[in-house]
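Structure below is data_12.cif: mmCIF, C-alpha atoms and all ligand atoms.
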```cif
data_entry
loop_
_atom_site.label_atom_id
_atom_site.label_comp_id
_atom_site.auth_asym_id
_atom_site.auth_seq_id
_atom_site.Cartn_x
_atom_site.Cartn_y
_atom_site.Cartn_z
CA MET A 1 -7.75 -3.67 -16.36
CA ASN A 2 -5.00 -1.49 -14.95
CA LYS A 3 -6.08 1.88 -13.68
CA ILE A 4 -2.75 3.48 -14.49
CA SER A 5 -0.10 2.26 -16.92
CA VAL A 6 3.12 4.13 -17.50
CA ARG A 7 5.12 2.97 -20.51
CA ASN A 8 8.65 3.92 -21.32
CA LEU A 9 8.26 7.36 -19.79
CA THR A 10 11.13 9.81 -19.95
CA LYS A 11 11.15 13.42 -18.84
CA ILE A 12 13.99 15.73 -19.72
CA TYR A 13 13.96 19.21 -18.19
CA GLY A 14 15.23 21.93 -20.50
CA SER A 15 14.50 23.44 -23.89
CA HIS A 16 16.53 20.96 -26.02
CA PRO A 17 15.47 17.52 -24.91
CA ASP A 18 16.32 15.90 -28.28
CA ARG A 19 20.06 16.09 -27.81
CA ALA A 20 19.74 14.80 -24.27
CA LEU A 21 17.52 11.94 -25.44
CA ALA A 22 20.04 10.91 -28.06
CA LEU A 23 22.76 10.73 -25.43
CA LEU A 24 20.42 8.90 -23.09
CA TYR A 25 19.85 6.23 -25.73
CA LYS A 26 23.62 5.94 -26.08
CA GLY A 27 23.75 5.06 -22.41
CA LEU A 28 25.37 8.18 -21.00
CA SER A 29 24.82 8.94 -17.32
CA ASN A 30 22.53 11.75 -16.18
CA GLU A 31 25.56 13.70 -15.01
CA GLU A 32 27.32 13.41 -18.38
CA ILE A 33 24.15 14.42 -20.17
CA ARG A 34 23.79 17.46 -17.97
CA LYS A 35 27.40 18.49 -18.61
CA GLN A 36 27.15 18.08 -22.37
CA THR A 37 23.65 19.45 -23.00
CA ARG A 38 22.63 21.44 -19.89
CA GLN A 39 19.43 19.38 -19.92
CA VAL A 40 18.39 17.55 -16.75
CA VAL A 41 17.09 13.99 -16.81
CA GLY A 42 14.09 13.92 -14.49
CA VAL A 43 12.99 10.33 -15.07
CA LYS A 44 13.94 7.78 -17.71
CA ASN A 45 12.43 4.62 -19.17
CA ILE A 46 9.81 4.24 -16.49
CA ASP A 47 7.46 1.27 -16.85
CA PHE A 48 4.83 0.20 -14.37
CA SER A 49 1.12 -0.35 -13.93
CA VAL A 50 -1.16 0.15 -10.98
CA ALA A 51 -4.33 -1.89 -10.58
CA ALA A 52 -7.58 -0.30 -9.47
CA GLY A 53 -7.70 -0.19 -5.68
CA GLU A 54 -3.98 -0.76 -5.31
CA SER A 55 -1.65 1.31 -3.12
CA PHE A 56 1.54 1.77 -5.10
CA VAL A 57 4.46 3.35 -3.30
CA ILE A 58 7.32 5.12 -5.02
CA MET A 59 10.38 5.35 -2.84
CA GLY A 60 13.79 6.86 -3.35
CA LEU A 61 16.22 9.45 -2.11
CA SER A 62 15.78 13.14 -2.78
CA GLY A 63 16.39 13.95 -6.45
CA SER A 64 15.68 10.43 -7.67
CA GLY A 65 12.74 11.58 -9.79
CA LYS A 66 9.72 10.71 -7.66
CA SER A 67 7.96 14.07 -7.93
CA THR A 68 8.77 14.34 -11.62
CA LEU A 69 7.05 11.03 -12.22
CA LEU A 70 3.99 12.07 -10.27
CA ARG A 71 3.80 15.45 -11.97
CA CYS A 72 3.85 13.71 -15.37
CA ILE A 73 0.97 11.46 -14.32
CA ASN A 74 -0.89 14.46 -12.97
CA CYS A 75 -0.20 16.36 -16.23
CA LEU A 76 1.37 19.22 -14.33
CA ILE A 77 4.34 18.76 -16.65
CA LYS A 78 4.55 17.16 -20.05
CA ALA A 79 6.41 13.89 -20.50
CA THR A 80 9.19 14.05 -23.12
CA THR A 81 8.52 10.55 -24.44
CA GLY A 82 6.35 7.61 -23.45
CA GLU A 83 2.74 6.87 -22.66
CA ILE A 84 0.60 7.36 -19.59
CA LEU A 85 -2.64 5.43 -19.75
CA ILE A 86 -5.44 6.24 -17.34
CA ASP A 87 -8.29 3.75 -17.68
CA GLY A 88 -6.68 2.70 -20.95
CA GLU A 89 -6.53 6.19 -22.45
CA ASP A 90 -3.21 7.81 -23.21
CA ILE A 91 -3.26 11.20 -21.55
CA THR A 92 -0.06 12.31 -23.30
CA GLN A 93 -2.12 12.44 -26.52
CA MET A 94 -5.02 14.42 -25.10
CA SER A 95 -6.00 18.00 -25.83
CA SER A 96 -5.66 20.37 -22.92
CA LYS A 97 -9.43 20.44 -22.56
CA GLN A 98 -9.60 16.65 -22.25
CA LEU A 99 -6.67 16.74 -19.84
CA THR A 100 -8.37 19.21 -17.56
CA GLN A 101 -11.40 16.98 -17.45
CA VAL A 102 -9.38 13.87 -16.60
CA ARG A 103 -7.49 15.74 -13.89
CA ARG A 104 -10.64 17.09 -12.32
CA GLU A 105 -12.71 13.96 -12.52
CA LYS A 106 -10.30 11.13 -12.00
CA MET A 107 -7.44 12.27 -9.82
CA ALA A 108 -6.55 14.39 -6.86
CA MET A 109 -3.25 15.34 -5.35
CA VAL A 110 -2.06 15.57 -1.75
CA PHE A 111 1.12 17.55 -1.16
CA GLN A 112 3.79 17.43 1.50
CA ARG A 113 3.25 21.02 2.57
CA PHE A 114 -0.53 20.70 2.66
CA ALA A 115 -0.89 23.69 0.31
CA LEU A 116 -3.98 25.04 2.04
CA LEU A 117 -5.26 28.53 1.31
CA PRO A 118 -4.69 30.45 4.56
CA HIS A 119 -7.50 32.96 4.26
CA ARG A 120 -10.18 30.45 3.47
CA THR A 121 -12.11 28.44 5.98
CA ILE A 122 -11.47 24.72 6.26
CA LEU A 123 -14.75 24.06 4.48
CA ASP A 124 -13.85 26.35 1.58
CA ASN A 125 -10.42 24.75 1.36
CA VAL A 126 -11.97 21.31 1.10
CA ALA A 127 -14.54 22.53 -1.40
CA TYR A 128 -11.87 24.15 -3.56
CA GLY A 129 -11.60 21.41 -6.18
CA LEU A 130 -15.36 21.41 -6.60
CA GLU A 131 -15.44 25.17 -6.87
CA VAL A 132 -12.98 25.20 -9.79
CA SER A 133 -15.16 22.55 -11.42
CA SER A 134 -18.11 24.96 -11.02
CA VAL A 135 -20.13 22.70 -8.77
CA PRO A 136 -22.95 24.80 -7.26
CA LYS A 137 -22.39 25.96 -3.68
CA PRO A 138 -24.90 23.79 -1.78
CA LYS A 139 -23.70 20.67 -3.56
CA ARG A 140 -20.02 21.40 -3.02
CA TYR A 141 -20.51 22.17 0.66
CA GLU A 142 -22.41 18.94 1.06
CA GLN A 143 -19.60 16.93 -0.54
CA ALA A 144 -16.95 18.87 1.37
CA MET A 145 -18.72 18.17 4.65
CA GLN A 146 -18.81 14.47 3.86
CA ALA A 147 -15.09 14.50 3.10
CA LEU A 148 -14.34 16.34 6.35
CA GLU A 149 -16.33 13.76 8.23
CA MET A 150 -14.34 10.96 6.60
CA VAL A 151 -11.09 12.36 7.96
CA GLY A 152 -12.54 13.01 11.41
CA LEU A 153 -12.70 16.80 11.20
CA LYS A 154 -16.39 17.43 11.53
CA GLY A 155 -16.88 20.60 13.58
CA TRP A 156 -13.76 22.31 12.22
CA GLU A 157 -15.30 23.61 9.01
CA ASP A 158 -15.37 27.29 10.02
CA TYR A 159 -11.81 27.47 11.30
CA ARG A 160 -8.79 28.65 9.28
CA PRO A 161 -5.82 26.42 8.50
CA ASN A 162 -3.49 28.12 11.00
CA ASN A 163 -5.84 27.19 13.84
CA LEU A 164 -5.08 23.53 13.14
CA SER A 165 -2.10 21.35 13.98
CA GLY A 166 0.08 19.89 11.23
CA GLY A 167 -1.64 16.52 11.36
CA MET A 168 -5.05 18.15 11.16
CA GLN A 169 -3.96 20.35 8.27
CA GLN A 170 -2.91 17.31 6.34
CA ARG A 171 -6.27 15.71 7.12
CA VAL A 172 -7.78 18.78 5.46
CA GLY A 173 -5.43 18.16 2.51
CA ILE A 174 -6.72 14.60 2.26
CA ALA A 175 -10.35 15.72 2.63
CA ARG A 176 -9.83 18.24 -0.17
CA ALA A 177 -8.54 15.44 -2.38
CA LEU A 178 -11.44 13.15 -1.46
CA ALA A 179 -14.12 15.81 -1.92
CA THR A 180 -14.16 15.49 -5.69
CA ASN A 181 -14.50 11.71 -5.30
CA PRO A 182 -11.56 10.86 -7.56
CA ASP A 183 -10.60 7.27 -8.39
CA ILE A 184 -6.93 8.11 -8.10
CA LEU A 185 -5.06 9.74 -5.23
CA LEU A 186 -1.58 11.02 -5.95
CA MET A 187 0.28 11.69 -2.72
CA ASP A 188 3.71 13.32 -2.80
CA GLU A 189 5.40 12.73 0.57
CA PRO A 190 2.17 13.70 2.33
CA PHE A 191 3.38 12.81 5.82
CA SER A 192 7.04 13.80 5.58
CA ALA A 193 6.58 17.13 7.32
CA LEU A 194 4.85 15.60 10.34
CA ASP A 195 6.30 14.48 13.68
CA PRO A 196 7.00 10.74 13.84
CA LEU A 197 4.06 9.86 16.10
CA ILE A 198 1.55 11.98 14.21
CA ARG A 199 2.98 10.54 11.04
CA GLN A 200 2.30 6.98 12.15
CA GLU A 201 -1.21 7.96 13.17
CA MET A 202 -1.81 9.46 9.74
CA GLN A 203 -0.50 6.30 8.06
CA ASP A 204 -2.94 4.22 10.08
CA GLU A 205 -5.82 6.54 9.24
CA LEU A 206 -4.98 6.45 5.56
CA MET A 207 -4.98 2.65 5.66
CA GLU A 208 -8.37 2.67 7.40
CA LEU A 209 -9.79 5.08 4.83
CA GLN A 210 -8.35 3.02 2.01
CA LYS A 211 -10.07 -0.11 3.32
CA LYS A 212 -13.38 1.68 2.92
CA LEU A 213 -12.73 3.74 -0.20
CA GLN A 214 -10.51 1.44 -2.29
CA LYS A 215 -8.90 4.26 -4.22
CA THR A 216 -6.02 3.72 -6.57
CA ILE A 217 -3.14 5.37 -4.74
CA ILE A 218 0.32 6.40 -5.79
CA PHE A 219 2.14 7.36 -2.63
CA ILE A 220 5.61 8.86 -2.57
CA THR A 221 7.94 8.59 0.36
CA HIS A 222 11.63 8.39 1.11
CA ASP A 223 10.94 6.39 4.25
CA LEU A 224 11.23 2.62 3.96
CA ASP A 225 9.09 1.85 7.00
CA GLU A 226 6.31 4.03 5.62
CA ALA A 227 6.66 2.37 2.22
CA LEU A 228 6.43 -1.10 3.73
CA LYS A 229 3.36 -0.15 5.70
CA ILE A 230 1.39 1.53 2.96
CA GLY A 231 2.46 -0.18 -0.26
CA ASP A 232 0.77 -3.19 -1.80
CA ARG A 233 3.74 -2.84 -4.10
CA ILE A 234 6.78 -0.60 -3.94
CA ALA A 235 8.94 0.81 -6.70
CA LEU A 236 12.38 1.98 -5.71
CA MET A 237 13.86 4.81 -7.76
CA LYS A 238 17.44 5.92 -8.27
CA ASP A 239 18.75 8.55 -10.71
CA GLY A 240 15.40 8.74 -12.49
CA GLU A 241 15.00 5.02 -12.95
CA ILE A 242 13.07 2.28 -11.20
CA VAL A 243 15.71 -0.08 -9.81
CA GLN A 244 13.34 -2.53 -8.17
CA MET A 245 9.62 -3.11 -8.01
CA GLY A 246 7.77 -5.65 -5.93
CA THR A 247 5.76 -6.39 -2.82
CA PRO A 248 7.19 -5.19 0.50
CA GLU A 249 8.50 -8.66 1.23
CA ASP A 250 10.08 -8.97 -2.23
CA ILE A 251 12.04 -5.83 -1.52
CA LEU A 252 13.01 -6.79 2.01
CA LEU A 253 13.85 -10.38 1.38
CA SER A 254 15.67 -10.08 -1.90
CA PRO A 255 16.88 -6.58 -2.57
CA ALA A 256 17.78 -6.46 -6.27
CA THR A 257 20.75 -4.14 -6.17
CA GLU A 258 23.36 -2.84 -3.80
CA TYR A 259 21.38 0.39 -3.61
CA VAL A 260 18.21 -1.34 -2.51
CA ALA A 261 20.17 -3.46 -0.06
CA ARG A 262 21.60 -0.35 1.54
CA PHE A 263 18.13 1.09 1.87
CA VAL A 264 16.90 -2.09 3.44
CA GLU A 265 19.73 -2.88 5.80
CA ASN A 266 18.67 -0.19 8.24
CA VAL A 267 15.41 -1.96 8.83
CA ASP A 268 15.55 -4.58 11.51
CA ARG A 269 13.94 -7.50 9.75
CA SER A 270 12.05 -8.80 12.73
CA LYS A 271 10.57 -5.34 13.24
CA ALA A 272 9.77 -4.61 9.65
CA LEU A 273 8.25 -7.96 8.87
CA THR A 274 4.77 -8.50 10.15
CA ALA A 275 2.60 -11.56 10.54
CA ALA A 276 0.88 -10.58 7.30
CA THR A 277 4.11 -10.55 5.28
CA VAL A 278 5.21 -14.05 6.26
CA MET A 279 1.89 -15.85 6.69
CA VAL A 280 0.85 -18.50 4.19
CA LYS A 281 -2.62 -19.38 3.01
CA PRO A 282 -4.28 -22.12 5.05
CA ARG A 283 -4.59 -25.13 2.80
CA SER A 284 -7.95 -26.09 4.07
CA VAL A 285 -10.39 -25.53 6.90
CA VAL A 286 -13.45 -27.36 8.15
CA TYR A 287 -16.77 -26.11 9.45
CA PRO A 288 -18.26 -27.23 12.78
CA LYS A 289 -21.04 -29.13 11.02
CA ASP A 290 -18.49 -31.26 9.16
CA GLY A 291 -18.00 -34.61 10.83
CA PRO A 292 -14.75 -36.11 12.04
CA MET A 293 -14.53 -38.33 8.95
CA THR A 294 -14.56 -35.30 6.65
CA ALA A 295 -11.93 -33.62 8.77
CA LEU A 296 -9.74 -36.70 8.74
CA ARG A 297 -9.96 -36.99 4.99
CA VAL A 298 -8.93 -33.38 4.54
CA MET A 299 -5.98 -33.81 6.88
CA GLU A 300 -4.90 -37.00 5.16
CA LYS A 301 -5.15 -35.42 1.75
CA HIS A 302 -2.93 -32.49 2.69
CA GLY A 303 -0.67 -34.37 5.09
CA MET A 304 -1.61 -32.15 8.05
CA SER A 305 -1.75 -33.08 11.72
CA THR A 306 -4.05 -30.24 12.71
CA LEU A 307 -6.86 -28.45 10.94
CA PHE A 308 -8.42 -25.04 11.56
CA VAL A 309 -12.16 -24.77 12.12
CA THR A 310 -13.97 -21.64 10.95
CA ASP A 311 -17.57 -20.69 10.43
CA ARG A 312 -19.00 -20.04 6.97
CA VAL A 313 -17.72 -16.48 6.74
CA GLY A 314 -14.24 -17.51 7.81
CA LYS A 315 -14.43 -16.51 11.47
CA MET A 316 -11.93 -18.49 13.48
CA ILE A 317 -13.41 -21.02 15.89
CA GLY A 318 -10.46 -23.24 16.81
CA TYR A 319 -8.61 -26.28 15.56
CA ILE A 320 -8.82 -30.02 15.74
CA ARG A 321 -6.09 -32.63 16.05
CA ALA A 322 -5.90 -35.65 13.79
CA GLU A 323 -5.73 -38.11 16.69
CA ASP A 324 -8.89 -36.64 18.27
CA ALA A 325 -10.75 -36.78 14.96
CA SER A 326 -9.68 -40.36 14.44
CA GLU A 327 -10.87 -41.37 17.92
CA GLU A 328 -14.15 -39.51 17.50
CA ALA A 329 -14.75 -41.16 14.14
CA SER A 330 -14.09 -44.63 15.49
CA ARG A 331 -16.71 -43.99 18.19
CA GLY A 332 -19.20 -43.18 15.46
CA GLU A 333 -19.55 -39.48 16.40
CA ARG A 334 -20.84 -37.22 13.64
CA GLN A 335 -20.08 -33.82 15.18
CA LEU A 336 -16.80 -31.97 15.59
CA ASP A 337 -17.93 -29.79 18.50
CA ALA A 338 -16.55 -31.96 21.28
CA ILE A 339 -13.02 -32.03 19.94
CA ILE A 340 -12.57 -28.43 18.80
CA GLN A 341 -9.65 -26.85 20.68
CA ARG A 342 -10.52 -23.23 21.25
CA ASP A 343 -7.43 -22.18 23.15
CA MET A 344 -4.94 -21.38 20.45
CA PRO A 345 -2.35 -18.80 19.46
CA LEU A 346 -3.72 -15.93 17.35
CA ALA A 347 -1.96 -12.97 15.81
CA ALA A 348 -3.16 -9.77 14.16
CA PRO A 349 -1.86 -9.19 10.59
CA ASP A 350 0.21 -6.19 11.68
CA THR A 351 1.91 -7.87 14.64
CA PRO A 352 5.67 -7.43 14.16
CA LEU A 353 7.53 -10.68 13.85
CA CYS A 354 9.76 -9.85 16.78
CA ASP A 355 6.66 -10.12 18.97
CA LEU A 356 5.69 -13.45 17.43
CA LEU A 357 8.97 -15.30 17.79
CA GLU A 358 8.24 -16.09 21.45
CA VAL A 359 4.88 -17.60 20.59
CA LEU A 360 6.26 -19.52 17.66
CA ALA A 361 9.04 -20.97 19.76
CA HIS A 362 6.61 -22.48 22.25
CA THR A 363 3.58 -23.55 20.30
CA LYS A 364 3.02 -26.86 18.62
CA VAL A 365 0.00 -25.49 16.83
CA PRO A 366 0.31 -23.24 13.79
CA VAL A 367 -0.46 -19.62 14.68
CA ALA A 368 -3.64 -18.32 13.03
CA VAL A 369 -3.52 -14.77 11.68
CA VAL A 370 -6.92 -13.14 12.13
CA ASP A 371 -8.23 -9.65 11.49
CA GLU A 372 -10.29 -7.50 13.86
CA GLN A 373 -13.41 -9.48 13.07
CA GLU A 374 -11.49 -12.69 13.85
CA ILE A 375 -11.66 -13.71 10.21
CA LEU A 376 -8.90 -16.16 9.34
CA LYS A 377 -6.38 -14.51 7.01
CA GLY A 378 -3.45 -16.88 7.07
CA VAL A 379 -1.27 -19.15 9.08
CA LEU A 380 2.25 -18.77 10.41
CA VAL A 381 4.47 -21.75 10.05
CA ARG A 382 7.95 -21.72 11.46
CA GLY A 383 9.69 -22.47 8.19
CA SER A 384 8.53 -19.39 6.33
CA VAL A 385 9.05 -17.16 9.34
CA ILE A 386 12.64 -18.26 9.80
CA ALA A 387 13.30 -17.98 6.09
CA GLY A 388 11.97 -14.44 6.29
CA LEU A 389 14.29 -13.56 9.14
CA ALA A 390 17.27 -15.22 7.54
CA GLY A 391 16.63 -12.99 4.56
CA GLY A 392 17.48 -15.62 2.01
CA GLY A 393 14.00 -15.85 0.62
CA GLY A 394 14.59 -19.57 0.59
CA GLU A 395 12.54 -22.02 2.54
CA ILE A 396 13.76 -23.75 5.63
CA LYS A 397 11.62 -26.78 6.30
CA LEU A 398 11.03 -27.90 9.81
CA GLU A 399 9.48 -31.24 10.72
CA SER A 400 6.56 -29.69 12.58
CA ASP A 401 5.67 -27.40 9.70
CA THR A 402 4.08 -29.91 7.44
CA SER A 403 0.75 -29.06 8.99
CA HIS A 404 -1.03 -26.26 7.15
CA SER A 405 1.89 -25.08 5.08
CA ASN A 406 0.97 -24.79 1.45
CA ARG A 407 4.42 -24.08 0.11
P1 LIG A 501 12.42 13.76 -6.00
O1 LIG A 501 11.00 14.12 -5.96
O2 LIG A 501 12.68 12.29 -5.99
O3 LIG A 501 13.23 14.45 -4.94
P2 LIG A 501 12.51 15.28 -8.45
O4 LIG A 501 11.55 14.62 -9.36
O5 LIG A 501 12.06 16.53 -7.78
O6 LIG A 501 13.05 14.24 -7.39
O7 LIG A 501 13.85 15.62 -9.26
C1 LIG A 501 14.45 14.73 -10.17
C2 LIG A 501 15.55 15.45 -10.93
O8 LIG A 501 14.97 16.42 -11.78
C3 LIG A 501 16.53 16.19 -10.03
O9 LIG A 501 17.80 16.10 -10.62
C4 LIG A 501 16.01 17.60 -10.05
O10 LIG A 501 17.05 18.51 -9.83
C5 LIG A 501 15.47 17.71 -11.47
N1 LIG A 501 14.35 18.67 -11.53
C6 LIG A 501 13.18 18.61 -10.86
N2 LIG A 501 12.37 19.62 -11.21
C7 LIG A 501 13.05 20.34 -12.14
C8 LIG A 501 12.75 21.51 -12.91
N3 LIG A 501 11.57 22.15 -12.79
N4 LIG A 501 13.70 21.97 -13.75
C9 LIG A 501 14.87 21.34 -13.88
N5 LIG A 501 15.21 20.24 -13.21
C10 LIG A 501 14.33 19.73 -12.34
MG MG A 502 9.95 15.25 -4.53
#
```
Encoded form (structure tokens):
Amino acid sequence: MNKISVRNLTKIYGSHPDRALALLYKGLSNEEIRKQTRQVVGVKNIDFSVAAGESFVIMGLSGSGKSTLLRCINCLIKATTGEILIDGEDITQMSSKQLTQVRREKMAMVFQRFALLPHRTILDNVAYGLEVSSVPKPKRYEQAMQALEMVGLKGWEDYRPNNLSGGMQQRVGIARALATNPDILLMDEPFSALDPLIRQEMQDELMELQKKLQKTIIFITHDLDEALKIGDRIALMKDGEIVQMGTPEDILLSPATEYVARFVENVDRSKALTAATVMVKPRSVVYPKDGPMTALRVMEKHGMSTLFVTDRVGKMIGYIRAEDASEEASRGERQLDAIIQRDMPLAAPDTPLCDLLEVLAHTKVPVAVVDEQEILKGVLVRGSVIAGLAGGGGEIKLESDTSHSNR
């Protein structure tokens, strides 16, 4: 089930939203509506869902309605029309008592300007959400300490916010959000005030945390690179509307409108695309205990000339060639060990494509994409990589790519 579903959400700022709504339904622009009614369209007709554990990024220029959308979800402001379902329950229909409970128990917010209380210690800042929920002191300090540890700030609990650098202050902001152990993190341009290098560091740390914690995240940014890095999916907003929604590669490879295209054209494709965004799923692998006959059959079935070998948990061991397997089989061998090639090109999921082109140009073997534990995640075949760079989204088939490609 979706963790968050937003259906047909519209927010009009002002005391006479009805007139503005009527004009909105007639198709008038936000500007015309503002002129005629003095009401401001914050967001209009927003529809999307976020799955549990997903990182959903909302991107758009200043004034496009990103914060309005988040504030509606967070119940800081009231939607004019539409539904917002959290775990299947429509929060726009809740009493204020129910709302408070949902806000305290299920979600937490991280702001751009950290919003720390200057006269409180770091520990008391982190414990703040628990304090307003009347969690007893020992318990809230325990949870706050755990959250501080998660963001790498153990030892800083007695300091005040102004003793900390910007990056550290935002770690406190994240710890404060995590302390109440919410399912949902709402992050409104959390890293926009940070220097570029610190910002990248914070992005990496958030990704690491997310691997462990699997929160449902809505993350707002106006930076495309940040969006591509953090989002499982990205929604692009303009004038209060979502103009495109999709995976990072959907957005990069086939921008839906002129507006999205202009956003995207500043990103050098070979830099923005990573191994993970263009890899395909390996069709099949074999285990070392499988014999050459098994391997041959698999290769025949899928029309591949090479086959990856992994252990049972998916850790990459090497690859075998069809001709070696065939020779080994004809000699009556039952083990693959002797013919496993262990010297092969590997890439980490986040390797930028520009760094991979060299390797791809010179290798005859498909490049295996493996994570830090050397678990096989995917395979790079030249066709999909070139298609990615060309930006057409179409597939260019090369002769040597029949091995392993599953497209
Ligand atoms: P973003 O976060 O993408 O910069 P916002 O959600 O803050 O955009 O703003 C969307 C639109 O709503 C803008 O036109 C903005 O001027 C207007 N707006 C935002 N907050 C208010 C408010 N409290 N009262 C009136 N208009 C507002
Ligand atoms: Mg904003």
Requested in this report: Enumerate residues in contact with ligand MG 502 (chain A): an atom-to-atom distance of at most 10 Å, counting all atoms listed in the file. Format the result as an NGL selection string.
Outcome: :A and (60-71 or 111-112 or 188-189 or 220-222)
Query - Distance in Å - CA of Glu89 (chain A) versus CA of Asn8 (chain A) - result: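 Taking CA of Glu89 (chain A) and CA of Asn8 (chain A), their separation equals 15.4 Å.
Between Ala322 (chain A) and the residues A:Leu197, A:Ala338, A:Met109, A:Ala295, the shortest atom-to-atom distance, using only C-alpha atoms, involves A:Ala295.
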Query raised in the report: How many Å separate CA of Glu323 (chain A) from CA of Ser284 (chain A)?
Result: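 Taking CA of Glu323 (chain A) and CA of Ser284 (chain A), their separation equals 17.6 Å.
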Requested in this report: Have a look at A:Leu185, A:Cys354, A:Leu307, A:Val151 and name the one nearest to Ile73 (chain A); count all atoms listed in the file.
Outcome: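 Smallest separation from Ile73 (chain A) among the options: A:Leu185.
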Query raised in the report: At what distance in Å, to one decimal, does CA of Arg283 (chain A) lie from CA of Val298 (chain A)?
Result: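 Interatomic distance, CA of Val298 (chain A) to CA of Arg283 (chain A): 9.5 Å.
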Query raised in the report: Residues at most 9 Å from Asp350 (chain A), counting all atoms listed in the file, excluding those fewer than 5 positions away in the same chain, as a list of chain:residue names?
Result: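 Result of the neighbour search: A:Leu273, A:Thr274, A:Ala275, A:Ala276, A:Thr277.
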Report task. Considering all atoms listed in the file, return as a PyMOL selection string whatever protein or nucleic-acid residues lie within 10 Å of region 309-319 of chain A, sequence-local ones (same chain, fewer than 4 positions apart) excluded. Result -> chain A and resi 284-290+295+336-337+339-346+365-366+368-371+373-377
Once you have the residues from the selection above, write them out as a tab-separated table (two decimals), keeping the file's coordinate frame, restricted to C-alpha atoms.
```
chain	number	residue	atom	x	y	z
A	284	SER	CA	-7.95	-26.09	4.07
A	285	VAL	CA	-10.39	-25.53	6.90
A	286	VAL	CA	-13.45	-27.36	8.15
A	287	TYR	CA	-16.77	-26.11	9.45
A	288	PRO	CA	-18.26	-27.23	12.78
A	289	LYS	CA	-21.04	-29.13	11.02
A	290	ASP	CA	-18.49	-31.26	9.16
A	295	ALA	CA	-11.93	-33.62	8.77
A	336	LEU	CA	-16.80	-31.97	15.59
A	337	ASP	CA	-17.93	-29.79	18.50
A	339	ILE	CA	-13.02	-32.03	19.94
A	340	ILE	CA	-12.57	-28.43	18.80
A	341	GLN	CA	-9.65	-26.85	20.68
A	342	ARG	CA	-10.52	-23.23	21.25
A	343	ASP	CA	-7.43	-22.18	23.15
A	344	MET	CA	-4.94	-21.38	20.45
A	345	PRO	CA	-2.35	-18.80	19.46
A	346	LEU	CA	-3.72	-15.93	17.35
A	365	VAL	CA	0.00	-25.49	16.83
A	366	PRO	CA	0.31	-23.24	13.79
A	368	ALA	CA	-3.64	-18.32	13.03
A	369	VAL	CA	-3.52	-14.77	11.68
A	370	VAL	CA	-6.92	-13.14	12.13
A	371	ASP	CA	-8.23	-9.65	11.49
A	373	GLN	CA	-13.41	-9.48	13.07
A	374	GLU	CA	-11.49	-12.69	13.85
A	375	ILE	CA	-11.66	-13.71	10.21
A	376	LEU	CA	-8.90	-16.16	9.34
A	377	LYS	CA	-6.38	-14.51	7.01
```
Query - Selection near Leu21 (chain A), 8 Å with all atoms listed in the file, sequence-local residues under 4 positions removed, as a list in words - result: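 Those residues are Ile12, Pro17 and Tyr25 of chain A.
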Query - Residue among A:Lys238, A:Arg233, A:His119, A:Lys212 lying closest to ligand LIG 501 (chain A), counting only C-alpha atoms and all ligand atoms - result: A:Lys238
Query raised in the report: Using only C-alpha atoms, which of A:Asp124, A:Glu105, A:Glu249, A:Glu328 sits nearest Thr294 (chain A)?
Result: A:Glu328
**Report entry** Selected residue, from A:Arg331, A:Arg262, A:Lys154, A:His362, that lies nearest to Pro292 (chain A) when counting all atoms listed in the file
**Finding:**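 Among the listed residues, A:Arg331 lies closest to Pro292 (chain A).
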**Report entry** Thr216 (chain A) surroundings by only C-alpha atoms, 8 Å radius, close-in-sequence under 3 positions cut, as number ranges by chain
**Finding:** A: 3, 50-56, 183-185
Shell of 10 Å around Pro248 (chain A), all atoms listed in the file, local chain residues under 6 positions omitted, as a PDB file with C-alpha atoms, keeping the file's coordinate frame:
```
ATOM      1  CA  VAL A  57       4.460   3.350  -3.300  1.00  0.00           C
ATOM      2  CA  LEU A 224      11.230   2.620   3.960  1.00  0.00           C
ATOM      3  CA  ASP A 225       9.090   1.850   7.000  1.00  0.00           C
ATOM      4  CA  ALA A 227       6.660   2.370   2.220  1.00  0.00           C
ATOM      5  CA  LEU A 228       6.430  -1.100   3.730  1.00  0.00           C
ATOM      6  CA  LYS A 229       3.360  -0.150   5.700  1.00  0.00           C
ATOM      7  CA  ILE A 230       1.390   1.530   2.960  1.00  0.00           C
ATOM      8  CA  GLY A 231       2.460  -0.180  -0.260  1.00  0.00           C
ATOM      9  CA  ASP A 232       0.770  -3.190  -1.800  1.00  0.00           C
ATOM     10  CA  ARG A 233       3.740  -2.840  -4.100  1.00  0.00           C
ATOM     11  CA  ILE A 234       6.780  -0.600  -3.940  1.00  0.00           C
ATOM     12  CA  ALA A 235       8.940   0.810  -6.700  1.00  0.00           C
ATOM     13  CA  ALA A 272       9.770  -4.610   9.650  1.00  0.00           C
ATOM     14  CA  LEU A 273       8.250  -7.960   8.870  1.00  0.00           C
ATOM     15  CA  THR A 277       4.110 -10.550   5.280  1.00  0.00           C
TER      16      THR A 277
END
```
Query - Nearest-residue call for Gln101 (chain A), choices A:Ile218, A:Ile4, A:Val132, A:Leu148, using all atoms listed in the file - result: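 Selected residue with least distance to Gln101 (chain A): A:Val132.
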Requested in this report: Quick one: residues within 6 Å of (-13.5, 25.0, 9.5) (file frame), counting all atoms listed in the file, please, as number ranges by chain.
Outcome: A: 121-123, 156-160
Report as JSON lines the residues of region 231-272 of chain A within 12 Å of region 27-33 of chain A, each with its shortest atom pair and distance in Å (one decimal), using all atoms listed in the file, ordered by chain and increasing residue number.
```
{"residue": "A:Lys238", "atom": "CA", "partner": "A:Asn30", "partner_atom": "CA", "distance": 11.1}
{"residue": "A:Asp239", "atom": "CA", "partner": "A:Asn30", "partner_atom": "CA", "distance": 7.4}
{"residue": "A:Gly240", "atom": "CA", "partner": "A:Asn30", "partner_atom": "CA", "distance": 8.6}
{"residue": "A:Glu241", "atom": "CA", "partner": "A:Asn30", "partner_atom": "CA", "distance": 10.6}
```
